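For reference, work34.cif (mmCIF, C-alpha atoms):
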data_model
loop_
_atom_site.label_atom_id
_atom_site.label_comp_id
_atom_site.auth_asym_id
_atom_site.auth_seq_id
_atom_site.Cartn_x
_atom_site.Cartn_y
_atom_site.Cartn_z
CA MET A 372 -66.22 -33.69 -10.30
CA GLU A 373 -69.20 -31.39 -9.90
CA ILE A 374 -72.59 -32.74 -8.92
CA GLN A 375 -75.92 -30.97 -8.81
CA ASP A 376 -79.48 -32.18 -8.46
CA LYS A 377 -82.96 -30.90 -9.18
CA GLN A 378 -86.51 -32.25 -9.14
CA VAL A 379 -88.68 -32.57 -12.24
CA ASN A 380 -92.10 -34.24 -12.00
CA GLY A 381 -91.10 -36.24 -8.93
CA VAL A 382 -87.88 -37.46 -10.54
CA THR A 383 -84.46 -36.45 -9.23
CA ILE A 384 -82.09 -35.38 -11.97
CA LEU A 385 -78.46 -35.70 -11.05
CA THR A 386 -76.11 -33.69 -13.25
CA LEU A 387 -72.49 -34.83 -13.16
CA ASN A 388 -69.55 -33.03 -14.72
CA GLY A 389 -66.09 -34.53 -14.95
CA SER A 390 -64.69 -37.99 -14.40
CA ILE A 391 -66.26 -40.88 -12.50
CA ASP A 392 -63.25 -42.79 -11.23
CA ALA A 393 -61.45 -44.05 -8.12
CA MET A 394 -60.64 -40.53 -7.01
CA THR A 395 -64.12 -39.05 -7.41
CA ALA A 396 -66.06 -42.18 -6.41
CA PRO A 397 -66.23 -41.41 -2.66
CA LYS A 398 -67.75 -37.95 -3.24
CA ILE A 399 -70.27 -39.32 -5.74
CA THR A 400 -71.22 -42.21 -3.46
CA GLU A 401 -71.80 -39.88 -0.52
CA TYR A 402 -73.93 -37.50 -2.61
CA ILE A 403 -76.13 -40.22 -4.11
CA GLN A 404 -76.53 -42.07 -0.80
CA ALA A 405 -77.70 -38.82 0.82
CA LEU A 406 -80.33 -38.39 -1.90
CA ILE A 407 -81.53 -41.98 -1.56
CA SER A 408 -81.72 -41.76 2.22
CA GLU A 409 -84.00 -38.70 1.81
CA GLY A 410 -86.37 -40.84 -0.24
CA ASN A 411 -85.22 -39.81 -3.72
CA ILE A 412 -85.29 -43.20 -5.39
CA ASN A 413 -86.31 -42.31 -8.95
CA LEU A 414 -83.06 -40.97 -10.28
CA ILE A 415 -81.79 -39.87 -13.67
CA ALA A 416 -78.07 -39.38 -14.03
CA ASP A 417 -77.35 -36.83 -16.77
CA PHE A 418 -73.97 -37.88 -18.16
CA LYS A 419 -73.64 -35.07 -20.72
CA GLY A 420 -70.69 -33.65 -18.81
CA VAL A 421 -69.06 -37.00 -17.94
CA ASP A 422 -66.00 -37.56 -20.10
CA TYR A 423 -64.57 -40.66 -18.45
CA THR A 424 -65.62 -43.55 -16.25
CA SER A 425 -63.45 -46.30 -14.84
CA SER A 426 -64.12 -49.62 -13.14
CA ALA A 427 -64.21 -47.90 -9.74
CA GLY A 428 -66.70 -45.44 -11.19
CA LEU A 429 -68.88 -48.21 -12.48
CA ARG A 430 -68.95 -49.90 -9.08
CA VAL A 431 -70.29 -46.65 -7.60
CA LEU A 432 -72.96 -46.57 -10.26
CA LEU A 433 -73.94 -50.16 -9.66
CA GLY A 434 -74.21 -49.55 -5.91
CA ALA A 435 -76.60 -46.66 -6.50
CA ILE A 436 -78.67 -48.64 -9.01
CA LYS A 437 -79.07 -51.55 -6.63
CA ASP A 438 -79.98 -49.31 -3.68
CA THR A 439 -82.70 -47.48 -5.62
CA ARG A 440 -84.11 -50.72 -7.04
CA ALA A 441 -84.17 -52.32 -3.61
CA GLN A 442 -86.66 -49.59 -2.71
CA SER A 443 -88.63 -50.02 -5.95
CA GLY A 444 -86.94 -47.08 -7.59
CA ASP A 445 -84.34 -46.95 -10.35
CA MET A 446 -81.44 -45.03 -11.76
CA ARG A 447 -81.52 -44.31 -15.50
CA LEU A 448 -78.98 -42.53 -17.64
CA THR A 449 -79.11 -39.90 -20.33
CA GLY A 450 -76.61 -37.88 -22.37
CA VAL A 451 -73.98 -40.61 -22.34
CA GLN A 452 -70.91 -39.67 -24.40
CA PRO A 453 -69.61 -42.21 -26.98
CA ASP A 454 -66.40 -43.09 -25.11
CA VAL A 455 -68.28 -43.60 -21.87
CA LEU A 456 -70.99 -45.61 -23.66
CA LYS A 457 -68.27 -47.88 -24.99
CA VAL A 458 -67.11 -48.67 -21.46
CA LEU A 459 -70.70 -49.15 -20.25
CA ASN A 460 -71.31 -51.54 -23.13
CA LEU A 461 -68.09 -53.46 -22.50
CA SER A 462 -68.92 -53.77 -18.81
CA GLY A 463 -72.39 -55.14 -19.42
CA PHE A 464 -74.10 -52.09 -17.96
CA THR A 465 -76.14 -51.50 -21.11
CA ASN A 466 -77.74 -54.90 -20.43
CA ILE A 467 -79.00 -53.92 -17.00
CA LEU A 468 -79.54 -50.18 -17.24
CA LYS A 469 -81.98 -47.97 -19.15
CA ILE A 470 -80.20 -45.31 -21.17
CA PHE A 471 -82.04 -42.53 -22.97
CA ASP A 472 -80.97 -40.12 -25.69
CA ASP A 473 -82.48 -37.07 -24.02
CA LEU A 474 -83.56 -35.89 -20.61
CA ASP A 475 -87.26 -35.40 -21.42
CA THR A 476 -87.65 -38.99 -22.58
CA ALA A 477 -85.77 -40.19 -19.51
CA VAL A 478 -88.09 -38.25 -17.19
CA ALA A 479 -91.16 -39.47 -19.09
CA SER A 480 -90.00 -43.08 -18.64
CA TYR A 481 -90.90 -42.84 -14.96
CA ALA A 482 -94.52 -41.89 -15.70
CA MET B 1359 -49.12 -54.73 5.65
CA LYS B 1360 -49.98 -51.75 3.49
CA LYS B 1361 -48.21 -51.73 0.14
CA ASP B 1362 -45.86 -48.84 -0.67
CA LYS B 1363 -47.05 -48.42 -4.20
CA PRO B 1364 -49.87 -49.97 -6.23
CA ARG B 1365 -48.87 -53.06 -8.20
CA ILE B 1366 -49.41 -52.54 -11.91
CA ALA B 1367 -50.35 -55.31 -14.32
CA LEU B 1368 -50.47 -55.14 -18.10
CA VAL B 1369 -52.96 -57.56 -19.64
CA ILE B 1370 -52.93 -58.03 -23.42
CA GLY B 1371 -55.88 -59.88 -24.88
CA SER B 1372 -56.34 -61.76 -28.12
CA GLY B 1373 -56.25 -59.75 -31.34
CA SER B 1374 -53.48 -61.03 -33.59
CA VAL B 1375 -51.31 -58.27 -35.09
CA LYS B 1376 -53.42 -55.57 -33.34
CA CYS B 1377 -51.82 -56.70 -30.07
CA ALA B 1378 -48.62 -54.96 -31.19
CA ALA B 1379 -50.35 -51.78 -29.95
CA ALA B 1380 -49.08 -52.94 -26.55
CA LEU B 1381 -45.57 -52.03 -27.68
CA GLY B 1382 -46.75 -48.45 -28.19
CA LEU B 1383 -48.37 -48.48 -24.76
CA MET B 1384 -45.12 -49.71 -23.18
CA LYS B 1385 -43.14 -46.95 -24.92
CA VAL B 1386 -45.30 -44.38 -23.15
CA LEU B 1387 -45.12 -46.11 -19.76
CA GLU B 1388 -41.33 -46.46 -20.00
CA ARG B 1389 -40.95 -42.82 -20.99
CA GLU B 1390 -42.87 -41.86 -17.85
CA ASN B 1391 -40.85 -44.29 -15.67
CA ILE B 1392 -43.99 -46.25 -14.81
CA ASP B 1393 -42.86 -49.77 -13.97
CA VAL B 1394 -45.12 -52.70 -14.77
CA ASP B 1395 -45.02 -55.44 -12.14
CA MET B 1396 -46.50 -58.27 -14.21
CA VAL B 1397 -47.60 -59.01 -17.76
CA VAL B 1398 -50.42 -61.34 -18.79
CA GLY B 1399 -51.02 -62.39 -22.39
CA CYS B 1400 -53.56 -64.44 -24.30
CA SER B 1401 -53.43 -65.66 -27.91
CA GLY B 1402 -51.85 -62.95 -30.08
CA GLY B 1403 -51.43 -60.93 -26.91
CA ALA B 1404 -49.20 -63.69 -25.52
CA ILE B 1405 -46.59 -62.97 -28.18
CA TYR B 1406 -46.32 -59.32 -27.16
CA ALA B 1407 -46.67 -60.03 -23.45
CA ALA B 1408 -43.66 -62.33 -23.78
CA LEU B 1409 -41.62 -59.82 -25.80
CA ILE B 1410 -42.39 -57.10 -23.25
CA ALA B 1411 -41.68 -59.31 -20.23
CA LEU B 1412 -38.36 -60.39 -21.74
CA GLY B 1413 -37.45 -56.71 -21.94
CA TRP B 1414 -36.94 -56.55 -25.69
CA PRO B 1415 -36.87 -52.97 -27.07
CA VAL B 1416 -39.68 -52.02 -29.44
CA GLN B 1417 -37.55 -52.35 -32.60
CA LYS B 1418 -36.27 -55.80 -31.62
CA ALA B 1419 -39.83 -56.87 -30.78
CA THR B 1420 -41.09 -55.54 -34.12
CA ASP B 1421 -38.32 -57.35 -36.02
CA ALA B 1422 -39.12 -60.58 -34.14
CA THR B 1423 -42.78 -60.29 -35.11
CA LEU B 1424 -41.90 -59.75 -38.76
CA ARG B 1425 -39.78 -62.91 -38.70
CA MET B 1426 -42.23 -65.08 -36.73
CA TRP B 1427 -45.59 -64.13 -38.13
CA THR B 1428 -46.00 -64.35 -41.92
CA ARG B 1429 -48.52 -66.08 -44.19
CA GLU B 1430 -46.10 -68.99 -44.46
CA VAL B 1431 -47.14 -70.17 -40.98
CA THR B 1432 -50.54 -71.17 -42.40
CA ALA B 1433 -49.44 -72.05 -45.94
CA LYS B 1434 -48.84 -75.78 -45.52
CA ARG B 1435 -51.97 -77.91 -45.23
CA ASN B 1436 -52.09 -80.86 -42.87
CA ILE B 1437 -53.07 -83.59 -45.32
CA ARG B 1438 -53.84 -86.05 -42.52
CA ALA B 1439 -56.43 -83.63 -41.13
CA PHE B 1440 -58.30 -83.56 -44.42
CA LEU B 1441 -58.23 -87.37 -44.53
CA GLN B 1442 -59.49 -87.42 -40.94
CA LEU B 1443 -62.43 -85.25 -42.02
CA LEU B 1444 -63.31 -87.55 -44.90
CA LEU B 1445 -62.70 -90.90 -43.22
CA PRO B 1446 -62.64 -90.29 -39.44
CA GLN B 1447 -62.71 -93.95 -38.47
CA ILE B 1448 -59.92 -95.04 -40.78
CA PHE B 1449 -57.67 -92.06 -40.13
CA LYS B 1450 -58.57 -91.90 -36.41
CA PHE B 1451 -59.95 -88.40 -35.91
CA ASP B 1452 -58.71 -87.23 -32.52
CA GLU B 1453 -57.79 -84.20 -30.42
CA SER B 1454 -54.70 -83.49 -32.52
CA PHE B 1455 -56.90 -82.18 -35.34
CA GLY B 1456 -55.74 -79.03 -37.12
CA LEU B 1457 -56.02 -78.13 -40.81
CA ILE B 1458 -52.59 -76.51 -40.95
CA ASN B 1459 -49.25 -78.26 -40.55
CA ASP B 1460 -47.71 -76.55 -37.52
CA ARG B 1461 -44.05 -77.30 -38.27
CA VAL B 1462 -43.43 -73.76 -39.55
CA ILE B 1463 -45.05 -71.93 -36.64
CA ASN B 1464 -43.34 -74.21 -34.12
CA ARG B 1465 -39.94 -73.53 -35.68
CA ARG B 1466 -40.57 -69.80 -35.99
CA LEU B 1467 -41.54 -69.47 -32.32
CA ARG B 1468 -38.56 -71.49 -31.12
CA GLU B 1469 -36.18 -69.41 -33.24
CA GLY B 1470 -38.01 -66.17 -32.48
CA PHE B 1471 -37.86 -66.54 -28.72
CA ASP B 1472 -34.37 -68.03 -28.92
CA GLY B 1473 -34.76 -70.53 -26.08
CA ALA B 1474 -36.12 -67.95 -23.61
CA THR B 1475 -37.71 -69.25 -20.43
CA PHE B 1476 -40.15 -67.62 -18.05
CA ALA B 1477 -37.36 -67.47 -15.47
CA GLN B 1478 -35.43 -65.14 -17.77
CA ALA B 1479 -38.29 -62.65 -18.03
CA ARG B 1480 -37.47 -59.30 -16.44
CA ILE B 1481 -41.11 -58.85 -15.52
CA PRO B 1482 -43.18 -61.81 -14.21
CA LEU B 1483 -45.02 -63.26 -17.20
CA PHE B 1484 -48.25 -65.24 -17.36
CA VAL B 1485 -49.58 -66.79 -20.58
CA THR B 1486 -53.03 -68.33 -20.83
CA ALA B 1487 -54.41 -71.17 -22.90
CA THR B 1488 -57.54 -73.33 -22.68
CA ASP B 1489 -57.73 -77.02 -21.79
CA LEU B 1490 -59.45 -78.72 -24.75
CA TYR B 1491 -60.97 -81.40 -22.56
CA ASN B 1492 -62.63 -79.27 -19.86
CA GLY B 1493 -62.58 -75.67 -21.13
CA GLU B 1494 -60.64 -74.49 -18.09
CA GLN B 1495 -58.10 -71.71 -18.25
CA VAL B 1496 -54.51 -72.91 -18.04
CA VAL B 1497 -52.02 -70.30 -16.83
CA MET B 1498 -48.41 -70.93 -17.80
CA SER B 1499 -45.68 -69.17 -15.83
CA GLU B 1500 -42.67 -71.46 -16.10
CA GLY B 1501 -40.70 -73.37 -18.67
CA SER B 1502 -40.27 -72.48 -22.32
CA VAL B 1503 -41.82 -69.20 -23.47
CA ALA B 1504 -42.10 -70.47 -27.06
CA GLU B 1505 -44.05 -73.55 -25.93
CA ALA B 1506 -46.44 -71.47 -23.85
CA VAL B 1507 -47.04 -68.99 -26.66
CA ARG B 1508 -47.60 -71.85 -29.12
CA ALA B 1509 -50.29 -73.22 -26.82
CA SER B 1510 -51.91 -69.83 -26.40
CA ILE B 1511 -52.19 -69.20 -30.15
CA SER B 1512 -53.65 -72.64 -31.03
CA ILE B 1513 -56.48 -71.24 -33.16
CA PRO B 1514 -59.22 -73.92 -33.21
CA TYR B 1515 -59.47 -75.93 -36.44
CA ILE B 1516 -56.41 -74.14 -37.83
CA PHE B 1517 -53.47 -75.17 -35.65
CA PRO B 1518 -53.48 -78.50 -33.82
CA PRO B 1519 -53.87 -78.19 -30.06
CA HIS B 1520 -50.50 -78.04 -28.35
CA LYS B 1521 -49.72 -80.81 -25.92
CA LEU B 1522 -48.03 -79.51 -22.78
CA ASP B 1523 -47.70 -81.23 -19.39
CA GLY B 1524 -50.17 -83.90 -20.46
CA LYS B 1525 -52.87 -81.43 -21.51
CA PHE B 1526 -54.12 -80.58 -24.98
CA LEU B 1527 -54.15 -76.80 -25.05
CA VAL B 1528 -56.06 -74.56 -27.41
CA ASP B 1529 -56.27 -70.81 -27.87
CA GLY B 1530 -56.51 -68.83 -24.65
CA TYR B 1531 -59.35 -66.69 -26.03
CA LEU B 1532 -61.75 -69.64 -25.77
CA ASN B 1533 -61.76 -69.32 -21.99
CA ASP B 1534 -61.24 -65.57 -21.69
CA PRO B 1535 -60.15 -63.22 -24.51
CA LEU B 1536 -58.83 -60.67 -21.97
CA PRO B 1537 -57.57 -62.61 -18.90
CA ILE B 1538 -57.81 -59.84 -16.31
CA GLY B 1539 -58.63 -62.47 -13.69
CA VAL B 1540 -55.02 -63.68 -13.74
CA ALA B 1541 -53.81 -60.21 -12.80
CA ILE B 1542 -56.43 -59.96 -10.05
CA LYS B 1543 -55.40 -63.34 -8.66
CA GLU B 1544 -51.71 -62.36 -8.71
CA GLY B 1545 -52.38 -59.30 -6.57
CA ALA B 1546 -52.39 -56.47 -9.08
CA ASP B 1547 -53.94 -53.18 -8.00
CA ILE B 1548 -53.94 -51.14 -11.21
CA ILE B 1549 -54.69 -53.31 -14.21
CA ILE B 1550 -54.05 -51.82 -17.62
CA ALA B 1551 -56.08 -54.05 -19.90
CA MET B 1552 -55.61 -53.83 -23.67
CA GLY B 1553 -58.34 -55.71 -25.51
CA PHE B 1554 -59.76 -56.04 -29.00
CA GLU B 1555 -63.18 -57.12 -30.13
CA SER B 1556 -63.28 -59.55 -33.04
CA PRO B 1557 -64.50 -57.95 -36.26
CA TYR B 1558 -67.79 -58.96 -37.84
CA LYS B 1559 -68.17 -59.88 -41.50
CA GLU B 1560 -70.59 -57.69 -43.44
CA ARG B 1561 -71.49 -60.50 -45.83
CA ILE B 1562 -71.75 -64.23 -45.16
CA THR B 1563 -71.00 -65.98 -48.43
CA SER B 1564 -69.23 -69.17 -47.41
CA LEU B 1565 -69.00 -71.74 -44.64
CA MET B 1566 -65.65 -70.22 -43.63
CA ARG B 1567 -67.24 -66.74 -43.22
CA TYR B 1568 -70.21 -68.21 -41.37
CA ASN B 1569 -67.84 -70.01 -38.99
CA PHE B 1570 -65.77 -66.84 -38.53
CA GLN B 1571 -68.91 -64.85 -37.71
CA ILE B 1572 -70.08 -67.35 -35.11
CA SER B 1573 -66.61 -67.33 -33.59
CA SER B 1574 -66.62 -63.50 -33.40
CA ILE B 1575 -70.07 -63.45 -31.79
CA THR B 1576 -69.02 -65.98 -29.17
CA SER B 1577 -65.67 -64.38 -28.51
CA ASN B 1578 -67.06 -60.84 -28.19
CA ASN B 1579 -69.81 -61.86 -25.81
CA LEU B 1580 -67.30 -63.80 -23.74
CA PHE B 1581 -65.02 -60.73 -23.74
CA LYS B 1582 -67.80 -58.55 -22.38
CA THR B 1583 -69.18 -60.93 -19.78
CA ASN B 1584 -65.75 -61.68 -18.37
CA TYR B 1585 -64.81 -58.00 -18.37
CA ALA B 1586 -68.03 -57.13 -16.59
CA PHE B 1587 -67.38 -59.69 -13.88
CA HIS B 1588 -63.74 -58.69 -13.36
CA ASN B 1589 -64.75 -55.05 -13.31
CA LEU B 1590 -67.06 -55.64 -10.39
CA ALA B 1591 -64.84 -58.17 -8.59
CA HIS B 1592 -61.67 -56.10 -8.53
CA HIS B 1593 -60.81 -54.08 -5.43
CA PHE B 1594 -59.12 -51.19 -7.20
CA GLU B 1595 -58.84 -50.03 -10.82
CA ILE B 1596 -59.03 -51.64 -14.25
CA ILE B 1597 -58.13 -49.25 -17.04
CA PRO B 1598 -59.45 -50.48 -20.37
CA ILE B 1599 -57.26 -49.58 -23.35
CA LEU B 1600 -59.27 -50.22 -26.47
CA PRO B 1601 -57.39 -49.12 -29.59
CA GLU B 1602 -59.55 -48.38 -32.59
CA PHE B 1603 -58.06 -48.73 -36.02
CA GLU B 1604 -59.31 -46.72 -38.97
CA GLN B 1605 -57.53 -49.17 -41.26
CA ARG B 1606 -58.59 -52.80 -41.32
CA ILE B 1607 -55.93 -54.99 -39.66
CA SER B 1608 -56.06 -58.60 -40.87
CA LEU B 1609 -54.35 -61.67 -39.47
CA PHE B 1610 -51.05 -61.20 -41.29
CA ASP B 1611 -50.92 -57.43 -41.81
CA THR B 1612 -47.47 -57.06 -40.23
CA ASP B 1613 -46.72 -54.29 -42.74
CA LYS B 1614 -49.10 -52.19 -40.61
CA LEU B 1615 -47.09 -52.72 -37.41
CA PRO B 1616 -45.79 -49.11 -37.27
CA TYR B 1617 -49.38 -47.83 -37.54
CA VAL B 1618 -50.61 -50.28 -34.90
CA ILE B 1619 -47.82 -49.34 -32.49
CA LYS B 1620 -48.57 -45.64 -33.05
CA GLU B 1621 -52.24 -46.22 -32.19
CA GLY B 1622 -51.12 -47.99 -29.01
CA GLU B 1623 -49.10 -44.88 -28.09
CA ARG B 1624 -52.07 -42.63 -28.80
CA VAL B 1625 -54.52 -44.47 -26.56
CA ALA B 1626 -51.87 -44.77 -23.84
CA GLU B 1627 -51.37 -40.98 -23.86
CA GLN B 1628 -55.14 -40.56 -23.34
CA GLN B 1629 -55.09 -42.68 -20.19
CA LEU B 1630 -51.77 -41.40 -18.88
CA PRO B 1631 -53.07 -38.50 -16.73
CA TYR B 1632 -55.40 -40.81 -14.85
CA ILE B 1633 -52.74 -43.52 -14.40
CA LYS B 1634 -50.30 -40.94 -13.01
CA GLY B 1635 -53.03 -39.59 -10.75
CA LEU B 1636 -53.65 -43.04 -9.33
CA LEU B 1637 -49.95 -43.54 -8.65
CA THR B 1638 -49.56 -40.24 -6.84
CA GLY B 1639 -52.71 -41.06 -4.89
#
Can the structure in the file be given as structure tokens, please?
Amino acid sequence: MEIQDKQVNGVTILTLNGSIDAMTAPKITEYIQALISEGNINLIADFKGVDYTSSAGLRVLLGAIKDTRAQSGDMRLTGVQPDVLKVLNLSGFTNILKIFDDLDTAVASYA
Amino acid sequence: MKKDKPRIALVIGSGSVKCAAALGLMKVLERENIDVDMVVGCSGGAIYAALIALGWPVQKATDATLRMWTREVTAKRNIRAFLQLLLPQIFKFDESFGLINDRVINRRLREGFDGATFAQARIPLFVTATDLYNGEQVVMSEGSVAEAVRASISIPYIFPPHKLDGKFLVDGYLNDPLPIGVAIKEGADIIIAMGFESPYKERITSLMRYNFQISSITSNNLFKTNYAFHNLAHHFEIIPILPEFEQRISLFDTDKLPYVIKEGERVAEQQLPYIKGLLTG
């Protein structure tokens, strides 16, 4: 799992590549928690390169979402692949999370 | 005390003939020497959970399905039920209501499972049904396998509820179409959960279709909400196996069993690298 981040218009874009699962969850958690602790609470997770997510992966995601929202921020998703979207839908995440088709629209949603 | 290896559960949800995909999944797991420590089944999934837990090879399980599950199980109407609908006071409408005479399905299950009991299962088996009077999940893990499966497949309105241990039991899907919670409660670590959403009708042209659509809406939303909860409540990993069929698979399409089993193998192969990774830690 590779993770990178960059800033665009005050929003932190997190680019993930690989699988979000029990084995990669600790690394992802640590990375996101570091960002949040530095005050980066308006996050966009770009899932274009994410090919799989499991229940452990979703718990990581939920933890990050709740932490950002507790500080009046949010985590929104973009570029979600069909197989991953299926799991997000099944797990109820599409009911509680904003998901955008493209990065620009996702960034603009924070305006 | 730390466990030596993760405990693996296989959970097979409701989905009629589509549940045979679990046989394909088991073929892959057996090939890779991945032992399953418990099997949980609901509704149609209960049939295959039982066949797998009893250790029947795929061909024997397929042959058993072909003998047990044909259109004849719903061919004979329950005349008393129709009279109960028309004159409920005179014919005493009660909890035994079901439009189909269940003599055929009862006989087929008894013959099909050949007197098997839960104690004879090679893998611990759990079959779920729903208590008609309070909606609670009933988990069966002892006694006759045929009786438990009959309870689990008691499709509302179609088959009469099955009376077992003083309870009137209806289809397990009414409480939870994919009973992952049973596996969590029984101490599973890795839960391989095979589930199927109910199909939606494209056109509503009769009361039967309307009723079917409402049932699918309810069932699918229940499937998702329960899955979401279990997903967040579990301490380790739930691996969803969601076969998708290009061909339509209807209630009695047992001629499509080879195709369904093949699809089960295909989706299992997709998840295999991750499952093996979890086991090697």
Restrict the calculation to only C-alpha atoms, then for each residue of chain B with any atom at most 12 Å from an atom of chain A give the closest atom pair and their distance in Å to one decimal, rows by chain and rising residue number, as a Markdown table.
| residue | atom | partner | partner_atom | distance |
| --- | --- | --- | --- | --- |
| B:Leu1536 | CA | A:Leu461 | CA | 11.7 |
| B:Asp1547 | CA | A:Ala427 | CA | 11.7 |
| B:Ile1548 | CA | A:Ser426 | CA | 10.5 |
| B:Ile1549 | CA | A:Ser426 | CA | 10.2 |
| B:Ile1550 | CA | A:Ser426 | CA | 11.2 |
| B:Ala1551 | CA | A:Ser426 | CA | 11.4 |
| B:Gly1553 | CA | A:Leu461 | CA | 10.4 |
| B:Phe1554 | CA | A:Leu461 | CA | 10.9 |
| B:Glu1555 | CA | A:Leu461 | CA | 9.8 |
| B:Asn1578 | CA | A:Leu461 | CA | 9.4 |
| B:Asn1579 | CA | A:Leu461 | CA | 9.2 |
| B:Leu1580 | CA | A:Leu461 | CA | 10.4 |
| B:Phe1581 | CA | A:Leu461 | CA | 8.0 |
| B:Lys1582 | CA | A:Leu461 | CA | 5.1 |
| B:Thr1583 | CA | A:Gly463 | CA | 6.6 |
| B:Asn1584 | CA | A:Ser462 | CA | 8.5 |
| B:Tyr1585 | CA | A:Ser462 | CA | 5.9 |
| B:Ala1586 | CA | A:Ser462 | CA | 4.1 |
| B:Phe1587 | CA | A:Ser462 | CA | 7.9 |
| B:His1588 | CA | A:Ser462 | CA | 9.0 |
| B:Asn1589 | CA | A:Ser426 | CA | 5.5 |
| B:Leu1590 | CA | A:Arg430 | CA | 6.2 |
| B:Ala1591 | CA | A:Arg430 | CA | 9.2 |
| B:His1592 | CA | A:Ser426 | CA | 8.3 |
| B:His1593 | CA | A:Ala427 | CA | 8.3 |
| B:Phe1594 | CA | A:Ala427 | CA | 6.6 |
| B:Glu1595 | CA | A:Ser426 | CA | 5.8 |
| B:Ile1596 | CA | A:Ser426 | CA | 5.6 |
| B:Ile1597 | CA | A:Ser425 | CA | 6.5 |
| B:Pro1598 | CA | A:Val458 | CA | 7.9 |
| B:Ile1599 | CA | A:Val458 | CA | 10.1 |
| B:Leu1600 | CA | A:Lys457 | CA | 9.4 |
| B:Pro1601 | CA | A:Asp454 | CA | 11.7 |
| B:Glu1602 | CA | A:Asp454 | CA | 11.4 |
| B:Gln1628 | CA | A:Tyr423 | CA | 10.6 |
| B:Gln1629 | CA | A:Tyr423 | CA | 9.8 |
| B:Pro1631 | CA | A:Tyr423 | CA | 11.8 |
| B:Tyr1632 | CA | A:Asp392 | CA | 8.9 |
| B:Ile1633 | CA | A:Ala393 | CA | 10.8 |
| B:Lys1634 | CA | A:Met394 | CA | 12.0 |
| B:Gly1635 | CA | A:Met394 | CA | 8.5 |
| B:Leu1636 | CA | A:Met394 | CA | 7.8 |
| B:Leu1637 | CA | A:Met394 | CA | 11.2 |
| B:Thr1638 | CA | A:Met394 | CA | 11.1 |
| B:Gly1639 | CA | A:Met394 | CA | 8.2 |
Which residues are close to B:Ile1511, i.e. within 9 Å by all atoms listed in the file, leaving aside same-chain residues fewer than 5 positions away? Reply as a PDB file with C-alpha atoms, in the frame of the given file.
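Written out: out-v7.pdb:
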ATOM      1  CA  SER B1372     -56.340 -61.760 -28.120  1.00  0.00           C
ATOM      2  CA  SER B1374     -53.480 -61.030 -33.590  1.00  0.00           C
ATOM      3  CA  CYS B1400     -53.560 -64.440 -24.300  1.00  0.00           C
ATOM      4  CA  SER B1401     -53.430 -65.660 -27.910  1.00  0.00           C
ATOM      5  CA  GLY B1402     -51.850 -62.950 -30.080  1.00  0.00           C
ATOM      6  CA  GLY B1403     -51.430 -60.930 -26.910  1.00  0.00           C
ATOM      7  CA  ALA B1404     -49.200 -63.690 -25.520  1.00  0.00           C
ATOM      8  CA  ILE B1405     -46.590 -62.970 -28.180  1.00  0.00           C
ATOM      9  CA  ALA B1487     -54.410 -71.170 -22.900  1.00  0.00           C
ATOM     10  CA  ALA B1506     -46.440 -71.470 -23.850  1.00  0.00           C
ATOM     11  CA  PHE B1517     -53.470 -75.170 -35.650  1.00  0.00           C
ATOM     12  CA  VAL B1528     -56.060 -74.560 -27.410  1.00  0.00           C
ATOM     13  CA  ASP B1529     -56.270 -70.810 -27.870  1.00  0.00           C
ATOM     14  CA  GLY B1530     -56.510 -68.830 -24.650  1.00  0.00           C
ATOM     15  CA  TYR B1531     -59.350 -66.690 -26.030  1.00  0.00           C
TER      16      TYR B1531
END
May I ask which of the residues A:Val421, A:Val451, A:Ile407, A:Asn380 is the closest one to A:Thr395, counting all atoms listed in the file?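 Result for the nearest residue to A:Thr395: A:Val421.
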The PyMOL selection byres ((chain B and resi 1408) around 10) - which residues does that actually catch in the file I just gave you? List them as a VMD selection string. chain B and resid 1397 to 1399 1403 to 1407 1409 to 1414 1419 1471 1474 to 1476 1479 1481 to 1485 1503 to 1504 1506 to 1507
Atom pair atom CA of B:Gly1371 / atom CA of B:Asn1436: separation (Å): 27.9 Å
Starting from 8 Å padding per side, set up an axis-aligned box that covers all listed atoms of stretch 388-404 of chain A and hand over centre and edge lengths in Å, one decimal, as JSON.
{"center_x": -68.6, "center_y": -38.5, "center_z": -7.7, "size_x": 31.9, "size_y": 27.0, "size_z": 30.4}
Selection dump of the PyMOL selection byres ((chain B and resi 1605) around 10), as a VMD selection string: chain B and resid 1602 to 1604 1606 to 1608 1614 1617 to 1618
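Using all atoms listed in the file, the smallest distance between any of A:Gly389, A:Ala396, A:Phe471, A:Thr449 and A:Gly434 comes from A:Ala396.
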For B:Leu1467: contacts at 9 Å, all atoms listed in the file, fewer than 2 positions along chain excluded, given as a list in words: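 Using all atoms listed in the file, the neighbours found are Met1426, Trp1427, Val1462, Ile1463, Asn1464, Arg1465, Glu1469, Gly1470, Phe1471, Asp1472, Val1503, Ala1504, Glu1505, Val1507 and Arg1508 of chain B.
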The PyMOL selection byres ((chain A and resi 448) around 9) on the file shown: which residues, as a list in words? Leu414, Ile415, Ala416, Asp417, Phe418, Met446, Arg447, Thr449, Gly450, Val451, Leu468, Lys469, Ile470, Phe471, Asp472, Leu474 and Ala477 of chain A
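Point (-59.0, -71.5, -24.6) has the following residues at most 10 Å away: Cys1400, Ser1401, Thr1486, Ala1487, Thr1488, Asp1489, Leu1490, Asn1492, Gly1493, Glu1494, Gln1495, Val1496, Ala1509, Ser1510, Ile1511, Ser1512, Ile1513, Pro1514, Leu1527, Val1528, Asp1529, Gly1530, Tyr1531, Leu1532, Asn1533, Asp1534 and Pro1535 of chain B (atoms considered: all atoms listed in the file).
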